[in-house]
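As stored in run25.cif (mmCIF, C-alpha atoms):
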data_target
loop_
_atom_site.label_atom_id
_atom_site.label_comp_id
_atom_site.auth_asym_id
_atom_site.auth_seq_id
_atom_site.Cartn_x
_atom_site.Cartn_y
_atom_site.Cartn_z
CA MET X 11 0.00 0.00 0.00
CA ARG X 12 1.82 3.12 -1.17
CA MET X 13 0.86 6.57 -2.17
CA ARG X 14 0.76 7.45 -5.81
CA GLY X 15 3.51 9.65 -7.13
CA GLY X 16 6.25 11.23 -5.09
CA TRP X 17 8.44 14.22 -4.61
CA GLU X 18 11.64 14.60 -6.56
CA SER X 19 14.36 16.33 -4.63
CA PRO X 20 17.32 18.21 -6.11
CA ASP X 21 20.86 17.05 -5.51
CA LYS X 22 21.23 19.65 -2.78
CA VAL X 23 18.43 20.73 -0.51
CA PRO X 24 18.66 23.71 1.86
CA TYR X 25 19.44 22.69 5.41
CA GLY X 26 17.02 23.49 8.22
CA ASN X 27 13.34 24.36 8.04
CA CYS X 28 13.52 26.06 4.64
CA LEU X 29 11.64 24.18 1.95
CA PRO X 30 12.79 24.22 -1.69
CA ASP X 31 11.24 26.45 -4.33
CA TRP X 32 8.29 24.38 -5.56
CA GLY X 33 8.51 26.07 -8.95
CA GLN X 34 11.66 24.07 -9.66
CA TYR X 35 10.58 20.66 -8.44
CA HIS X 36 7.57 18.36 -8.42
CA PRO X 37 5.25 19.16 -5.48
CA PRO X 38 4.32 16.46 -2.99
CA VAL X 39 1.13 14.63 -3.93
CA PHE X 40 0.07 14.04 -0.35
CA VAL X 41 -2.94 16.21 0.50
CA ASP X 42 -4.84 15.63 3.73
CA LYS X 43 -7.30 18.56 3.70
CA ALA X 44 -9.84 19.68 1.12
CA ILE X 45 -13.02 21.76 0.82
CA ILE X 46 -15.61 20.51 -1.66
CA THR X 47 -19.26 21.08 -2.57
CA VAL X 48 -21.47 18.04 -3.12
CA ARG X 49 -24.75 18.44 -4.97
CA ALA X 50 -27.25 15.65 -5.39
CA GLY X 51 -29.31 15.55 -8.58
CA ALA X 52 -32.60 17.43 -8.81
CA GLY X 53 -35.80 15.51 -9.45
CA GLY X 54 -37.21 15.80 -12.95
CA ALA X 55 -40.42 17.73 -13.57
CA GLY X 56 -43.69 15.95 -14.15
CA ALA X 57 -45.25 16.37 -17.60
CA VAL X 58 -48.52 18.03 -18.56
CA SER X 59 -49.92 16.05 -21.48
CA PHE X 60 -53.26 14.80 -22.89
CA ARG X 61 -54.00 11.87 -25.13
CA ARG X 62 -54.56 12.85 -28.73
CA GLU X 63 -55.33 9.62 -30.54
CA LYS X 64 -57.67 8.60 -33.34
CA TYR X 65 -61.25 8.66 -32.16
CA GLU X 66 -60.08 10.24 -28.88
CA PRO X 67 -59.42 13.87 -29.74
CA LYS X 68 -60.09 14.85 -26.16
CA GLY X 69 -58.45 12.01 -24.26
CA GLY X 70 -57.61 12.28 -20.60
CA PRO X 71 -54.33 13.42 -18.99
CA ASP X 72 -51.31 11.17 -19.58
CA GLY X 73 -48.36 13.19 -18.32
CA GLY X 74 -45.62 10.98 -16.78
CA ASN X 75 -43.69 11.53 -13.56
CA GLY X 76 -40.20 12.97 -13.40
CA GLY X 77 -37.27 10.75 -12.44
CA ASP X 78 -35.57 11.00 -9.05
CA GLY X 79 -32.22 12.79 -8.86
CA GLY X 80 -29.04 10.82 -8.22
CA ASN X 81 -27.50 10.57 -4.75
CA VAL X 82 -23.94 11.56 -3.83
CA ILE X 83 -22.28 8.56 -2.17
CA VAL X 84 -18.91 8.44 -0.45
CA GLN X 85 -17.06 5.15 -0.44
CA ALA X 86 -13.90 4.12 1.39
CA GLU X 87 -11.35 2.96 -1.17
CA GLU X 88 -8.56 0.71 0.07
CA GLY X 89 -5.18 1.81 -1.25
CA MET X 90 -6.00 5.53 -1.38
CA SER X 91 -3.96 7.60 1.05
CA THR X 92 -4.32 11.17 -0.19
CA LEU X 93 -7.01 13.75 -1.00
CA TYR X 94 -5.05 14.98 -4.01
CA ASP X 95 -7.96 14.37 -6.42
CA PHE X 96 -9.98 17.02 -4.57
CA ARG X 97 -7.35 19.71 -4.77
CA HIS X 98 -8.52 21.22 -8.06
CA GLN X 99 -12.11 19.98 -8.38
CA ARG X 100 -14.44 21.76 -6.00
CA LEU X 101 -17.92 20.75 -7.22
CA TRP X 102 -19.03 17.11 -7.21
CA ALA X 103 -22.56 16.78 -8.60
CA ALA X 104 -24.81 13.80 -9.27
CA GLN X 105 -27.02 13.56 -12.33
CA ASN X 106 -30.46 15.19 -12.42
CA GLY X 107 -33.56 13.09 -13.02
CA GLU X 108 -35.20 13.33 -16.44
CA ASN X 109 -38.52 15.08 -16.96
CA GLY X 110 -41.66 13.01 -17.44
CA GLY X 111 -43.04 12.41 -20.92
CA ARG X 112 -46.28 11.72 -22.78
CA LYS X 113 -48.25 8.49 -22.50
CA GLN X 114 -47.47 8.21 -18.80
CA CYS X 115 -43.76 7.74 -19.52
CA SER X 116 -41.71 8.46 -16.43
CA GLY X 117 -38.34 10.12 -16.71
CA LEU X 118 -35.17 8.14 -15.97
CA ALA X 119 -33.65 8.51 -12.51
CA GLY X 120 -30.34 10.34 -12.38
CA LYS X 121 -27.18 8.30 -11.88
CA ASP X 122 -25.61 8.31 -8.43
CA LEU X 123 -22.20 9.92 -8.04
CA ILE X 124 -19.76 7.77 -6.09
CA ILE X 125 -16.85 9.66 -4.50
CA GLN X 126 -13.95 7.45 -3.48
CA LEU X 127 -12.12 8.60 -0.37
CA PRO X 128 -9.27 7.14 1.68
CA PRO X 129 -10.32 5.22 4.80
CA GLY X 130 -9.90 7.48 7.80
CA THR X 131 -11.36 10.58 6.14
CA LEU X 132 -13.38 12.83 8.45
CA ILE X 133 -16.25 14.63 6.69
CA PHE X 134 -17.42 17.89 8.27
CA ASN X 135 -20.25 20.24 7.34
CA THR X 136 -18.52 23.61 6.91
CA VAL X 137 -21.64 25.55 7.92
CA THR X 138 -22.50 23.72 11.15
CA GLN X 139 -18.94 22.42 11.77
CA GLN X 140 -20.50 19.09 12.71
CA LEU X 141 -18.90 15.77 11.88
CA VAL X 142 -21.07 14.17 9.19
CA HIS X 143 -19.21 10.87 8.98
CA ASP X 144 -15.96 9.22 10.00
CA LEU X 145 -15.17 6.98 7.04
CA LYS X 146 -14.06 3.51 8.09
CA PRO X 147 -12.69 0.78 5.79
CA GLY X 148 -15.54 -0.72 3.77
CA ASP X 149 -17.95 2.17 4.41
CA ARG X 150 -20.37 3.30 1.68
CA VAL X 151 -22.61 6.18 2.77
CA VAL X 152 -25.15 8.46 1.07
CA ILE X 153 -23.87 11.93 1.88
CA ALA X 154 -26.45 13.94 -0.13
CA LYS X 155 -29.86 12.63 -1.20
CA GLY X 156 -31.26 13.27 -4.65
CA GLY X 157 -34.48 15.19 -5.15
CA LYS X 158 -37.81 13.46 -5.79
CA GLY X 159 -39.26 13.53 -9.27
CA GLY X 160 -42.45 15.54 -9.72
CA TRP X 161 -45.85 14.01 -10.39
CA GLY X 162 -47.23 14.32 -13.92
CA ASN X 163 -50.72 15.68 -14.50
CA GLU X 164 -52.10 12.13 -14.88
CA HIS X 165 -51.59 11.78 -11.12
CA PHE X 166 -53.94 14.71 -10.37
CA LYS X 167 -57.01 13.61 -12.33
CA THR X 168 -60.22 13.27 -10.29
CA SER X 169 -63.90 12.97 -11.00
CA THR X 170 -64.23 16.71 -10.57
CA ASN X 171 -60.95 17.65 -12.29
CA GLN X 172 -60.73 15.54 -15.41
CA THR X 173 -58.33 17.84 -17.26
CA PRO X 174 -55.64 18.88 -14.75
CA ARG X 175 -53.26 21.30 -16.38
CA SER X 176 -50.58 21.34 -13.73
CA ALA X 177 -47.76 19.04 -12.62
CA ASP X 178 -45.10 19.02 -9.91
CA PRO X 179 -41.70 20.49 -10.83
CA GLY X 180 -39.66 18.01 -8.77
CA THR X 181 -37.57 18.86 -5.74
CA PRO X 182 -33.89 19.91 -5.72
CA GLY X 183 -31.23 17.55 -4.41
CA GLU X 184 -29.36 18.21 -1.19
CA GLU X 185 -26.28 20.39 -1.46
CA PHE X 186 -23.54 20.76 1.18
CA ASN X 187 -20.17 22.36 1.55
CA LEU X 188 -17.90 19.78 3.15
CA ARG X 189 -14.48 19.85 4.73
CA LEU X 190 -12.46 16.68 4.29
CA GLU X 191 -9.71 15.86 6.76
CA LEU X 192 -7.66 12.70 6.39
CA LYS X 193 -6.26 10.80 9.35
CA LEU X 194 -4.36 7.83 8.01
CA ILE X 195 -5.29 4.45 9.45
CA ALA X 196 -2.29 2.30 10.33
CA ASP X 197 -1.43 -0.28 12.96
CA VAL X 198 1.97 1.23 13.70
CA GLY X 199 3.19 4.83 13.60
CA ILE X 200 6.95 5.40 13.32
CA VAL X 201 8.03 8.63 15.03
CA GLY X 202 11.36 10.23 15.75
CA LYS X 203 13.60 13.17 14.97
CA PRO X 204 14.55 13.97 11.37
CA ASN X 205 17.24 11.57 10.13
CA ALA X 206 16.43 8.99 12.80
CA GLY X 207 16.06 6.45 10.00
CA LYS X 208 12.27 6.18 9.79
CA SER X 209 12.02 6.05 6.01
CA THR X 210 14.87 3.57 5.80
CA LEU X 211 13.13 1.37 8.35
CA LEU X 212 9.80 1.56 6.49
CA ALA X 213 11.52 0.60 3.24
CA ALA X 214 13.29 -2.30 4.94
CA LEU X 215 10.12 -3.67 6.55
CA THR X 216 7.69 -3.14 3.66
CA SER X 217 7.46 -2.71 -0.08
CA ALA X 218 7.08 1.06 0.26
CA THR X 219 9.65 3.20 -1.53
CA PRO X 220 9.91 6.49 0.38
CA LYS X 221 12.59 8.95 -0.66
CA ILE X 222 15.65 8.49 1.52
CA ALA X 223 18.55 10.90 1.87
CA ASN X 224 20.80 12.39 4.50
CA TYR X 225 19.22 15.77 5.17
CA PRO X 226 16.43 16.99 7.44
CA PHE X 227 12.82 16.58 6.34
CA THR X 228 13.47 14.14 3.51
CA THR X 229 9.96 12.88 4.21
CA LEU X 230 7.50 15.66 3.42
CA SER X 231 4.39 13.51 3.83
CA PRO X 232 3.33 10.41 5.74
CA GLN X 233 4.21 7.19 3.94
CA LEU X 234 2.32 3.91 4.30
CA GLY X 235 3.64 0.39 3.88
CA VAL X 236 2.50 -3.15 4.58
CA ALA X 237 4.83 -5.56 6.37
CA GLU X 238 4.15 -9.25 5.72
CA LEU X 239 5.23 -11.42 8.65
CA ASP X 240 3.96 -14.54 6.91
CA GLY X 241 1.06 -15.61 4.71
CA THR X 242 -1.58 -14.80 7.32
CA ARG X 243 -0.10 -11.92 9.32
CA ARG X 244 0.51 -8.38 8.15
CA LEU X 245 0.95 -4.94 9.69
CA VAL X 246 0.26 -1.51 8.20
CA LEU X 247 3.00 0.95 9.13
CA ALA X 248 3.09 4.73 8.72
CA ASP X 249 6.27 6.79 8.58
CA ILE X 250 5.37 10.16 10.09
CA PRO X 251 7.55 13.15 9.02
CA GLY X 252 10.26 14.00 11.54
CA LEU X 253 9.27 16.06 14.55
CA ILE X 254 11.33 18.90 15.99
CA GLU X 255 11.02 20.94 19.12
CA GLY X 256 7.92 23.14 18.87
CA ALA X 257 6.16 20.86 16.34
CA SER X 258 2.93 20.83 18.36
CA GLN X 259 2.89 24.64 18.14
CA GLY X 260 3.48 24.65 14.38
CA ALA X 261 7.26 24.45 13.97
CA GLY X 262 8.75 22.39 11.17
CA LEU X 263 6.76 19.83 9.20
CA GLY X 264 5.51 17.68 12.05
CA HIS X 265 2.64 19.94 13.13
CA ASP X 266 0.51 19.17 10.06
CA PHE X 267 0.98 15.43 10.45
CA LEU X 268 0.74 14.82 14.19
CA ARG X 269 -2.94 14.01 13.85
CA HIS X 270 -2.11 11.04 11.61
CA ILE X 271 -0.51 9.31 14.59
CA GLU X 272 -3.83 9.46 16.45
CA ARG X 273 -5.23 6.62 14.30
CA THR X 274 -2.30 4.29 14.95
CA ARG X 275 -2.61 1.61 17.62
CA ILE X 276 1.02 1.65 18.73
CA LEU X 277 4.07 3.86 18.21
CA VAL X 278 7.61 2.89 17.31
CA HIS X 279 9.82 5.62 18.76
CA LEU X 280 13.01 5.46 16.72
CA LEU X 281 16.20 6.81 18.28
CA ASP X 282 19.46 7.34 16.44
CA LEU X 283 22.24 5.97 18.66
CA VAL X 284 24.88 8.16 16.99
CA PRO X 285 23.22 11.33 15.62
CA GLU X 286 25.34 13.00 12.96
CA ASP X 287 24.46 16.44 14.28
CA GLY X 288 26.05 15.57 17.61
CA SER X 289 22.78 15.84 19.52
CA ASP X 290 22.06 13.81 22.63
CA PRO X 291 19.82 10.76 21.87
CA ALA X 292 18.26 10.94 25.34
CA GLU X 293 17.36 14.61 24.85
CA ASN X 294 15.99 13.80 21.38
CA TYR X 295 13.68 11.25 22.99
CA ARG X 296 12.43 13.77 25.55
CA VAL X 297 11.76 16.38 22.85
CA ILE X 298 9.56 13.97 20.87
CA ARG X 299 7.69 12.90 23.99
CA GLN X 300 7.08 16.54 24.84
CA GLU X 301 5.68 17.25 21.38
CA LEU X 302 3.37 14.24 21.52
CA ALA X 303 2.05 15.41 24.89
CA GLY X 304 1.69 18.96 23.56
CA HIS X 305 -0.54 17.74 20.74
CA SER X 306 -2.89 15.66 22.88
CA GLU X 307 -2.95 13.73 26.13
CA ALA X 308 -4.33 10.65 24.36
CA LEU X 309 -1.39 10.68 21.97
CA ALA X 310 1.10 10.88 24.82
CA GLU X 311 -0.52 7.86 26.48
CA LYS X 312 -0.47 5.69 23.38
CA ARG X 313 1.53 2.47 23.66
CA GLU X 314 5.13 2.87 22.59
CA ILE X 315 8.04 0.63 21.68
CA ILE X 316 11.43 2.32 21.98
CA VAL X 317 13.86 1.24 19.28
CA PHE X 318 17.56 2.13 19.10
CA ASN X 319 18.59 2.40 15.45
CA LYS X 320 21.80 2.48 13.38
CA LEU X 321 23.69 -0.22 15.28
CA ASP X 322 25.78 -0.76 12.13
CA LEU X 323 27.47 2.60 12.69
CA ILE X 324 29.10 1.20 15.84
CA PRO X 325 30.89 -1.90 14.52
CA ASP X 326 32.78 -2.62 17.74
CA GLU X 327 30.55 -4.78 19.94
CA LYS X 328 31.94 -3.41 23.22
CA GLU X 329 31.41 0.19 22.11
CA ARG X 330 27.92 -0.70 20.91
CA ALA X 331 26.99 -2.34 24.20
CA ALA X 332 28.38 0.66 26.11
CA ALA X 333 26.35 3.11 23.99
CA ILE X 334 23.15 1.10 24.53
CA LYS X 335 23.78 0.80 28.27
CA LYS X 336 24.50 4.54 28.58
CA LEU X 337 21.31 5.55 26.77
CA CYS X 338 19.20 3.08 28.75
CA ARG X 339 20.61 4.47 31.98
CA GLU X 340 19.81 8.07 30.98
CA LEU X 341 16.26 7.13 30.01
CA LYS X 342 15.82 4.76 32.97
CA LEU X 343 15.10 1.81 30.71
CA ARG X 344 15.94 -1.88 31.00
CA ALA X 345 18.00 -2.94 28.00
CA ASP X 346 16.67 -6.50 28.06
CA LYS X 347 12.95 -5.61 28.28
CA ASP X 348 12.17 -2.00 27.45
CA VAL X 349 14.05 -1.45 24.20
CA LEU X 350 14.84 -3.14 20.90
CA THR X 351 18.05 -2.57 18.98
CA ILE X 352 18.13 -2.62 15.19
CA SER X 353 19.74 -1.31 12.05
CA GLY X 354 17.27 -0.45 9.33
CA ALA X 355 20.01 0.04 6.74
CA ALA X 356 21.78 -3.25 7.57
CA ARG X 357 18.45 -5.05 8.24
CA MET X 358 19.52 -6.13 11.69
CA GLY X 359 16.86 -7.04 14.29
CA LEU X 360 13.92 -6.39 11.97
CA LYS X 361 12.29 -9.79 12.40
CA GLU X 362 12.36 -9.38 16.17
CA LEU X 363 10.82 -5.93 15.84
CA LEU X 364 7.93 -7.19 13.70
CA GLU X 365 7.25 -10.09 16.03
CA ARG X 366 7.24 -7.76 19.02
CA LEU X 367 4.79 -5.43 17.28
CA TRP X 368 2.51 -8.32 16.37
CA LYS X 369 2.47 -9.63 19.94
CA GLU X 370 1.74 -6.16 21.32
CA LEU X 371 -1.16 -5.71 18.91
CA HIS X 372 -2.50 -9.26 19.21
CA PRO X 373 -2.08 -10.37 22.82
CA VAL X 374 -2.94 -13.97 23.64
CA ALA X 375 -5.50 -14.51 26.39
CA THR X 376 -4.51 -16.97 29.14
CA ASP X 377 -6.77 -19.33 31.14
CA ASP X 378 -6.90 -16.93 34.08
CA GLY X 379 -8.24 -14.13 31.88
CA TRP X 380 -5.02 -12.14 31.66
CA ALA X 381 -3.51 -11.26 28.30
CA LYS X 382 0.12 -11.88 27.59
CA SER X 383 2.28 -10.63 24.80
#
Any chance you could give the structure as structure tokens?
Amino acid sequence: MRMRGGWESPDKVPYGNCLPDWGQYHPPVFVDKAIITVRAGAGGAGAVSFRREKYEPKGGPDGGNGGDGGNVIVQAEEGMSTLYDFRHQRLWAAQNGENGGRKQCSGLAGKDLIIQLPPGTLIFNTVTQQLVHDLKPGDRVVIAKGGKGGWGNEHFKTSTNQTPRSADPGTPGEEFNLRLELKLIADVGIVGKPNAGKSTLLAALTSATPKIANYPFTTLSPQLGVAELDGTRRLVLADIPGLIEGASQGAGLGHDFLRHIERTRILVHLLDLVPEDGSDPAENYRVIRQELAGHSEALAEKREIIVFNKLDLIPDEKERAAAIKKLCRELKLRADKDVLTISGAARMGLKELLERLWKELHPVATDDGWAKS
């Protein structure tokens, strides 16, 4: 499961929070907000008609009914992970019903319009600000109902009104202005500072192909991938753009994407054991935890697996063990229980990581009612 398209980076990208000039490069295709107007089809008008046949020059009314207007339906589409299609098309309208005809012929109903959206899309009414629907996988919901077709004059004939000369015009379809907000649905969210190795890890665990390079904010949008443990077990992972201090207040790129972590069931907090910028891994961990808490209390309380990355950059086993022990001591963690050690680039410890994630997400119930991982 991967997003369509991608962002091409130049050979050299400005360091820091400055983004490149989009006029020179392809823009990112990830869009997680959009404003659209949905308009259901109007009902067709009923017809005013009278039979004019041989030997019946003054036949009775035979005007047909108008057809119903088409509905606007939203449908969760597996594999979609962006609202890019709604960036340039504002109006989404279903077909109107046809007008009624002679000889009691009813007009055809308008065709429904089906809008495909990524699972996890929140649909808000922009006028009332109310949540209309939270789109789950497999959902198919009528979001705007089509208008009813009008009655033809044949419907209004009575013993006292044998030549009705009026018909119903049909009713308009519902029309709403909607705000779409996407919160990606994934089992696992990978968080960490820029250059912690999140994209490399996602590429190593899944078939996703995120852009990977050695500069801050390589990842400009969340990336999804599916990790296959075996023929029957799989995990959906999301690589969330790197967070920096102040992200929950709008700094850097992380602010716009923090909400995507809310849908994940567990977090992988990736720590670079030997940051190239010389920063302290323990302090990097505290900064990310602070930003998660600053965004929401629920996010800060989400289950977390702490993973030390880039073991391959410390080839000496004694030095590696010392670095792990030092970081565990600073974070008050137990090296044998609280952390996992891997190298995404060298594909070290990845199987253990996936198995740990699976056990955390699918605990096995014991006879005494307790769940164990």
If you measure from CA of Pro128 (chain X) to CA of Ser91 (chain X), what distance in Å do you get, rounded to one decimal?
5.4 Å
Excluding Ile124 (chain X) and any residue of its chain fewer than 2 positions from it, enumerate the residues within 8 Å of it, using only C-alpha atoms, and give them as a count of residues only.
6
Using all atoms listed in the file: which of X:Ile250, X:Glu311, X:Asp282, X:Leu245 has the shortest distance to Lys369 (chain X):
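The closest residue to Lys369 (chain X) is X:Leu245.
The spacing separating CA of Arg189 (chain X) from CA of Ser306 (chain X) amounts to 21.9 Å.
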So, with only C-alpha atoms as the atoms that count, which of X:Lys64, X:Leu364, X:Glu340, X:Gly54 lies closest to Asp240 (chain X)?
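Between X:Lys64, X:Leu364, X:Glu340, X:Gly54, the residue approaching Asp240 (chain X) most closely is X:Leu364.
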With all atoms listed in the file as the basis for distance, which of X:Ala154, X:Arg275, X:Gly53, X:Ala44 is at the shortest distance from His98 (chain X)?
X:Ala44
Between CA of Ala248 (chain X) and CA of Arg344 (chain X), measure the distance and give it in Å to one decimal.
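These atoms are spaced 26.6 Å apart.
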Compile the contact shell of Arg330 (chain X) as an mmCIF file with C-alpha atoms, in the frame of the given file: residues with an atom at most 12 Å away, counting only C-alpha atoms, same-chain residues fewer than 4 positions apart removed.
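Printed below is selection.cif as written:
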data_model
loop_
_atom_site.group_PDB
_atom_site.id
_atom_site.type_symbol
_atom_site.label_atom_id
_atom_site.label_comp_id
_atom_site.auth_asym_id
_atom_site.auth_seq_id
_atom_site.Cartn_x
_atom_site.Cartn_y
_atom_site.Cartn_z
ATOM 1 C CA LEU X 283 22.240 5.970 18.660
ATOM 2 C CA VAL X 284 24.880 8.160 16.990
ATOM 3 C CA PHE X 318 17.560 2.130 19.100
ATOM 4 C CA ASN X 319 18.590 2.400 15.450
ATOM 5 C CA LYS X 320 21.800 2.480 13.380
ATOM 6 C CA LEU X 321 23.690 -0.220 15.280
ATOM 7 C CA ASP X 322 25.780 -0.760 12.130
ATOM 8 C CA LEU X 323 27.470 2.600 12.690
ATOM 9 C CA ILE X 324 29.100 1.200 15.840
ATOM 10 C CA PRO X 325 30.890 -1.900 14.520
ATOM 11 C CA ASP X 326 32.780 -2.620 17.740
ATOM 12 C CA ILE X 334 23.150 1.100 24.530
ATOM 13 C CA LYS X 335 23.780 0.800 28.270
ATOM 14 C CA LYS X 336 24.500 4.540 28.580
ATOM 15 C CA LEU X 337 21.310 5.550 26.770
ATOM 16 C CA THR X 351 18.050 -2.570 18.980
ATOM 17 C CA ILE X 352 18.130 -2.620 15.190
#
Among listed residues X:Arg313, X:Lys158, X:Lys203, X:Lys328, nearest Tyr295 (chain X) (using only C-alpha atoms)
X:Lys203
Residue among X:Thr242, X:Asn171, X:Ser353, X:Gln99 lying closest to Gly207 (chain X), counting all atoms listed in the file
X:Ser353
If the PyMOL selection byres ((chain X and resi 61) around 10) were run on this exact file, what residues would it hold? Put them as a list in words.
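With the PyMOL selection byres ((chain X and resi 61) around 10) on this model, the match is Ser59, Phe60, Arg62, Glu63, Lys64, Glu66, Pro67, Lys68, Gly69, Gly70, Pro71, Asp72, Gly73, Arg112, Lys113 and Gln114 of chain X.
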With all atoms listed in the file as the basis for distance, which of X:Ala206, X:Val201, X:Leu343, X:Ile315 is at the shortest distance from Leu302 (chain X)?
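Going through X:Ala206, X:Val201, X:Leu343, X:Ile315 one by one, the smallest distance to Leu302 (chain X) is for X:Val201.
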Around region 318-322 of chain X, with edges along x, y and z and 4 Å added on all six sides, what centre and edge lengths do you get, in Å to one decimal, as AutoDock Vina command-line options?
--center_x 21.7 --center_y 0.9 --center_z 15.6 --size_x 16.2 --size_y 11.2 --size_z 15.0
Evaluate the PyMOL selection byres ((chain X and resi 354) around 6) on the structure here and hand back the selected residues as a PyMOL selection string.
chain X and resi 210-211+353+355-357
Expanded to explicit residues, what is the PyMOL selection byres ((chain X and resi 186) around 12) for this file, as number ranges by chain?
X: 45-50, 82, 100-103, 133-139, 142, 153-155, 183-185, 187-189
